[in-house]
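Have a look at model_17.cif; it's mmCIF, C-alpha atoms:
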```cif
data_upload
#
loop_
_atom_site.group_PDB
_atom_site.id
_atom_site.type_symbol
_atom_site.label_atom_id
_atom_site.label_comp_id
_atom_site.auth_asym_id
_atom_site.auth_seq_id
_atom_site.Cartn_x
_atom_site.Cartn_y
_atom_site.Cartn_z
ATOM 1 C CA MET J 1 38.881 20.515 -39.084
ATOM 2 C CA PRO J 2 37.425 17.541 -37.179
ATOM 3 C CA SER J 3 35.134 18.263 -34.239
ATOM 4 C CA PRO J 4 32.562 16.379 -32.162
ATOM 5 C CA LEU J 5 30.016 17.792 -34.611
ATOM 6 C CA GLY J 6 31.861 16.293 -37.571
ATOM 7 C CA MET J 7 34.271 17.823 -40.025
ATOM 8 C CA LEU J 8 34.097 21.641 -40.022
ATOM 9 C CA SER J 9 34.666 23.844 -43.031
ATOM 10 C CA LEU J 10 36.117 27.330 -42.565
ATOM 11 C CA ARG J 11 35.982 30.073 -45.185
ATOM 12 C CA CYS J 12 37.100 33.702 -45.131
ATOM 13 C CA ASN J 13 37.544 36.656 -47.448
ATOM 14 C CA LEU J 14 39.693 39.783 -47.184
ATOM 15 C CA ASN J 15 37.288 41.274 -44.609
ATOM 16 C CA GLY J 16 37.020 38.361 -42.203
ATOM 17 C CA LEU J 17 35.551 34.972 -41.433
ATOM 18 C CA CYS J 18 32.589 34.150 -43.705
ATOM 19 C CA GLU J 19 31.614 30.606 -42.826
ATOM 20 C CA VAL J 20 31.990 27.870 -40.239
ATOM 21 C CA ALA J 21 29.907 24.896 -41.328
ATOM 22 C CA VAL J 22 29.643 21.156 -40.806
ATOM 23 C CA LEU J 23 30.697 19.173 -43.872
ATOM 24 C CA ALA J 24 29.289 15.888 -45.042
ATOM 25 C CA ASP J 25 30.902 12.743 -43.630
ATOM 26 C CA GLY J 26 33.976 11.605 -45.531
ATOM 27 C CA SER J 27 35.273 15.089 -46.319
ATOM 28 C CA PRO J 28 39.076 15.291 -46.233
ATOM 29 C CA ALA J 29 40.804 17.223 -43.437
ATOM 30 C CA LEU J 30 42.980 20.053 -44.684
ATOM 31 C CA LYS J 31 45.029 22.414 -42.541
ATOM 32 C CA PRO J 32 44.220 26.021 -43.449
ATOM 33 C CA ALA J 33 46.993 28.214 -44.807
ATOM 34 C CA ASP J 34 45.262 31.566 -44.212
ATOM 35 C CA PRO J 35 46.253 33.077 -40.821
ATOM 36 C CA LEU J 36 42.641 33.927 -39.919
ATOM 37 C CA LEU J 37 41.454 30.410 -40.729
ATOM 38 C CA LEU J 38 44.335 28.923 -38.768
ATOM 39 C CA GLU J 39 43.524 31.125 -35.752
ATOM 40 C CA THR J 40 39.846 30.165 -36.030
ATOM 41 C CA MET J 41 40.779 26.490 -36.184
ATOM 42 C CA LEU J 42 42.939 26.831 -33.053
ATOM 43 C CA ARG J 43 40.138 28.643 -31.196
ATOM 44 C CA LEU J 44 37.621 25.984 -32.196
ATOM 45 C CA GLU J 45 39.976 23.257 -31.008
ATOM 46 C CA ALA J 46 40.366 25.134 -27.700
ATOM 47 C CA TYR J 47 36.577 25.478 -27.480
ATOM 48 C CA PHE J 48 36.053 21.731 -27.871
ATOM 49 C CA ALA J 49 38.850 21.084 -25.340
ATOM 50 C CA GLY J 50 37.007 23.287 -22.834
ATOM 51 C CA ALA J 51 39.734 25.930 -22.713
ATOM 52 C CA THR J 52 37.964 28.970 -24.213
ATOM 53 C CA ALA J 53 34.718 30.050 -25.807
ATOM 54 C CA ASP J 54 36.016 33.483 -26.822
ATOM 55 C CA PHE J 55 35.722 34.331 -30.505
ATOM 56 C CA SER J 56 34.998 38.013 -29.877
ATOM 57 C CA ASP J 57 38.074 39.459 -31.546
ATOM 58 C CA LEU J 58 37.898 37.443 -34.763
ATOM 59 C CA PRO J 59 37.048 39.662 -37.746
ATOM 60 C CA LEU J 60 33.748 38.498 -39.197
ATOM 61 C CA ALA J 61 32.320 38.988 -42.683
ATOM 62 C CA PRO J 62 29.181 36.834 -42.910
ATOM 63 C CA GLU J 63 26.794 37.468 -45.764
ATOM 64 C CA GLY J 64 23.349 38.445 -44.562
ATOM 65 C CA THR J 65 20.689 41.099 -44.377
ATOM 66 C CA PRO J 66 20.929 44.051 -41.978
ATOM 67 C CA PHE J 67 18.298 42.352 -39.797
ATOM 68 C CA GLN J 68 20.285 39.092 -39.702
ATOM 69 C CA HIS J 69 23.400 41.035 -38.695
ATOM 70 C CA ARG J 70 21.448 42.633 -35.812
ATOM 71 C CA VAL J 71 20.335 39.203 -34.619
ATOM 72 C CA TRP J 72 23.816 37.732 -35.001
ATOM 73 C CA ALA J 73 25.275 40.588 -32.937
ATOM 74 C CA ALA J 74 22.723 39.804 -30.201
ATOM 75 C CA LEU J 75 23.687 36.119 -30.329
ATOM 76 C CA ARG J 76 27.338 36.991 -29.796
ATOM 77 C CA ALA J 77 26.364 38.759 -26.572
ATOM 78 C CA ILE J 78 24.981 35.540 -25.029
ATOM 79 C CA PRO J 79 27.695 34.177 -22.716
ATOM 80 C CA ALA J 80 28.909 30.608 -23.131
ATOM 81 C CA GLY J 81 26.956 28.208 -20.949
ATOM 82 C CA ARG J 82 23.876 30.448 -20.968
ATOM 83 C CA THR J 83 20.778 30.466 -23.134
ATOM 84 C CA ARG J 84 18.175 32.984 -24.251
ATOM 85 C CA ARG J 85 14.706 32.241 -25.528
ATOM 86 C CA TYR J 86 13.646 33.163 -29.052
ATOM 87 C CA GLY J 87 10.885 35.340 -27.585
ATOM 88 C CA GLU J 88 13.300 37.227 -25.323
ATOM 89 C CA LEU J 89 15.560 38.112 -28.232
ATOM 90 C CA ALA J 90 12.516 39.044 -30.299
ATOM 91 C CA ALA J 91 11.353 41.453 -27.593
ATOM 92 C CA ASP J 92 14.850 42.970 -27.349
ATOM 93 C CA LEU J 93 14.980 43.500 -31.116
ATOM 94 C CA ASP J 94 11.303 44.487 -31.519
ATOM 95 C CA THR J 95 10.492 41.623 -33.855
ATOM 96 C CA ALA J 96 8.870 38.182 -33.854
ATOM 97 C CA ALA J 97 10.337 34.980 -32.439
ATOM 98 C CA ARG J 98 9.999 33.340 -35.877
ATOM 99 C CA ALA J 99 12.160 36.092 -37.363
ATOM 100 C CA ILE J 100 14.831 35.353 -34.753
ATOM 101 C CA GLY J 101 14.581 31.663 -35.667
ATOM 102 C CA GLY J 102 14.996 32.491 -39.345
ATOM 103 C CA ALA J 103 18.120 34.540 -38.656
ATOM 104 C CA CYS J 104 19.525 31.735 -36.501
ATOM 105 C CA ARG J 105 18.834 29.237 -39.278
ATOM 106 C CA ALA J 106 20.648 31.513 -41.787
ATOM 107 C CA ASN J 107 23.689 31.939 -39.519
ATOM 108 C CA PRO J 108 26.782 30.973 -41.550
ATOM 109 C CA LEU J 109 29.172 31.090 -38.582
ATOM 110 C CA LEU J 110 28.400 28.030 -36.479
ATOM 111 C CA LEU J 111 29.782 28.324 -32.911
ATOM 112 C CA VAL J 112 31.440 31.706 -33.555
ATOM 113 C CA VAL J 113 27.959 33.253 -33.721
ATOM 114 C CA PRO J 114 26.339 30.960 -31.141
ATOM 115 C CA CYS J 115 22.816 30.338 -32.450
ATOM 116 C CA HIS J 116 22.845 27.118 -30.423
ATOM 117 C CA ARG J 117 22.396 29.273 -27.297
ATOM 118 C CA VAL J 118 18.880 30.272 -28.346
ATOM 119 C CA VAL J 119 16.148 27.914 -27.162
ATOM 120 C CA ALA J 120 12.381 27.604 -27.351
ATOM 121 C CA SER J 121 10.098 28.939 -24.614
ATOM 122 C CA THR J 122 9.936 25.413 -23.185
ATOM 123 C CA GLY J 123 13.705 25.543 -22.640
ATOM 124 C CA ASP J 124 14.452 22.777 -25.140
ATOM 125 C CA GLY J 125 16.517 23.076 -28.302
ATOM 126 C CA GLY J 126 13.743 24.498 -30.400
ATOM 127 C CA PHE J 127 15.809 24.052 -33.534
ATOM 128 C CA MET J 128 13.391 24.188 -36.438
ATOM 129 C CA GLY J 129 13.876 23.948 -40.167
ATOM 130 C CA ALA J 130 17.186 22.119 -40.148
ATOM 131 C CA SER J 131 17.770 19.909 -43.150
ATOM 132 C CA ASP J 132 19.971 17.726 -40.951
ATOM 133 C CA GLY J 133 17.753 15.862 -38.490
ATOM 134 C CA ASP J 134 20.748 15.500 -36.150
ATOM 135 C CA TRP J 135 20.904 19.221 -35.273
ATOM 136 C CA PRO J 136 18.630 19.134 -32.214
ATOM 137 C CA ARG J 137 20.923 16.519 -30.639
ATOM 138 C CA ARG J 138 24.035 18.460 -31.662
ATOM 139 C CA LYS J 139 22.610 21.661 -30.213
ATOM 140 C CA GLN J 140 21.975 19.916 -26.895
ATOM 141 C CA GLN J 141 25.531 18.512 -26.954
ATOM 142 C CA LEU J 142 26.967 22.002 -27.456
ATOM 143 C CA LEU J 143 24.871 23.424 -24.632
ATOM 144 C CA ALA J 144 25.890 20.573 -22.305
ATOM 145 C CA HIS J 145 29.555 21.086 -23.249
ATOM 146 C CA GLU J 146 29.333 24.802 -22.490
ATOM 147 C CA ARG J 147 27.506 24.301 -19.216
ATOM 148 C CA SER J 148 30.169 21.892 -18.007
ATOM 149 C CA HIS J 149 33.165 23.984 -19.127
ATOM 150 C CA PHE J 150 32.227 27.660 -19.345
ATOM 151 C CA ARG J 151 29.243 28.490 -17.173
ATOM 152 C CA ALA J 152 30.096 31.206 -14.687
#
```
Would you mind writing the file's structure down as structure tokens?
Amino acid sequence: MPSPLGMLSLRCNLNGLCEVAVLADGSPALKPADPLLLETMLRLEAYFAGATADFSDLPLAPEGTPFQHRVWAALRAIPAGRTRRYGELAADLDTAARAIGGACRANPLLLVVPCHRVVASTGDGGFMGASDGDWPRRKQQLLAHERSHFRA
């Protein structure tokens, strides 16, 4: 599905949504046939239109370690339009900020598990290790979008 981030790829299995990722430019747009993928697509379209940021009832099945799943659950608790610092989440989960960053980097469910809401102690994007040099700008765009549409 097209988005301001580029073309998004959605993938699921029998247990739930497995992946929301940005595809390379030039990828063809296909409408999903699976009901979960279609619902996810509609929610993402509503998110980018500023109508909702609620993905809480979508069944999720991301592949990851138990630690990554703990971090991803904490990310889902961050309200749209708000941010948390890596160090704050690390303190909550009794781990290191770098470990939180690693789990964010491994997050296969872009937007649905909102790793973009985690920022460095300086308050900036703090997005490290991305192979796509455009991610810091994209992260800031997502945060600006949420602050203008969803901040309570």
Selected residue of minimal separation from Thr95 in chain J among J:Asp34, J:Cys115, J:Phe67, J:Gly81, counting all atoms listed in the file: J:Phe67
Report as a compact mmCIF listing (two decimals) with C-alpha atoms, in the coordinates of the input all protein, DNA and RNA residues lying within 10 Å of Glu63 in chain J, evaluated on all atoms listed in the file, omitting residues in the same chain fewer than 5 positions from it.
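Done, and the output landed in result_27.txt:
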```txt
# COMPACT_ATOMS: atom_id res chain seq x y z
CA CYS J 18 32.59 34.15 -43.70
CA GLU J 19 31.61 30.61 -42.83
CA GLN J 68 20.28 39.09 -39.70
CA HIS J 69 23.40 41.04 -38.70
CA ALA J 106 20.65 31.51 -41.79
CA ASN J 107 23.69 31.94 -39.52
CA PRO J 108 26.78 30.97 -41.55
CA LEU J 109 29.17 31.09 -38.58
```
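If you look at CA of Ala77 in chain J and CA of Leu14 in chain J, they are 24.6 Å away from each other.
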Counting all atoms listed in the file, the residue of J:Tyr47, J:Pro114, J:Thr40, J:Ala33 that sits nearest His149 in chain J: J:Tyr47
Reference answer for the PyMOL selection byres ((chain J and resi 80) around 9), as a ChimeraX atom specification: /J:53-54,78-79,81-83,114,117,143,146-147,149-152
Which of J:Leu17, J:Arg138, J:Leu10, J:Leu89 sits closest to Lys31 in chain J [using all atoms listed in the file]: J:Leu10
Selection result for the PyMOL selection byres ((chain J and resi 24) around 12) on this file, as a VMD selection string: chain J and resid 2 5 to 9 21 to 23 25 to 29 132
Selection to disk with C-alpha atoms, as a PDB file, in the coordinates of the input:
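Result file follows (part-v5.pdb):
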```
ATOM      1  CA  PRO J   2      37.425  17.541 -37.179  1.00  0.00           C
ATOM      2  CA  LEU J   5      30.016  17.792 -34.611  1.00  0.00           C
ATOM      3  CA  GLY J   6      31.861  16.293 -37.571  1.00  0.00           C
ATOM      4  CA  MET J   7      34.271  17.823 -40.025  1.00  0.00           C
ATOM      5  CA  LEU J   8      34.097  21.641 -40.022  1.00  0.00           C
ATOM      6  CA  SER J   9      34.666  23.844 -43.031  1.00  0.00           C
ATOM      7  CA  ALA J  21      29.907  24.896 -41.328  1.00  0.00           C
ATOM      8  CA  VAL J  22      29.643  21.156 -40.806  1.00  0.00           C
ATOM      9  CA  LEU J  23      30.697  19.173 -43.872  1.00  0.00           C
ATOM     10  CA  ASP J  25      30.902  12.743 -43.630  1.00  0.00           C
ATOM     11  CA  GLY J  26      33.976  11.605 -45.531  1.00  0.00           C
ATOM     12  CA  SER J  27      35.273  15.089 -46.319  1.00  0.00           C
ATOM     13  CA  PRO J  28      39.076  15.291 -46.233  1.00  0.00           C
ATOM     14  CA  ALA J  29      40.804  17.223 -43.437  1.00  0.00           C
ATOM     15  CA  ASP J 132      19.971  17.726 -40.951  1.00  0.00           C
TER      16      ASP J 132
END
```
Atom pair CA of Pro59 in chain J / CA of Cys12 in chain J: separation (Å):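 Atom-to-atom, CA of Pro59 in chain J and CA of Cys12 in chain J are spaced 9.5 Å apart.
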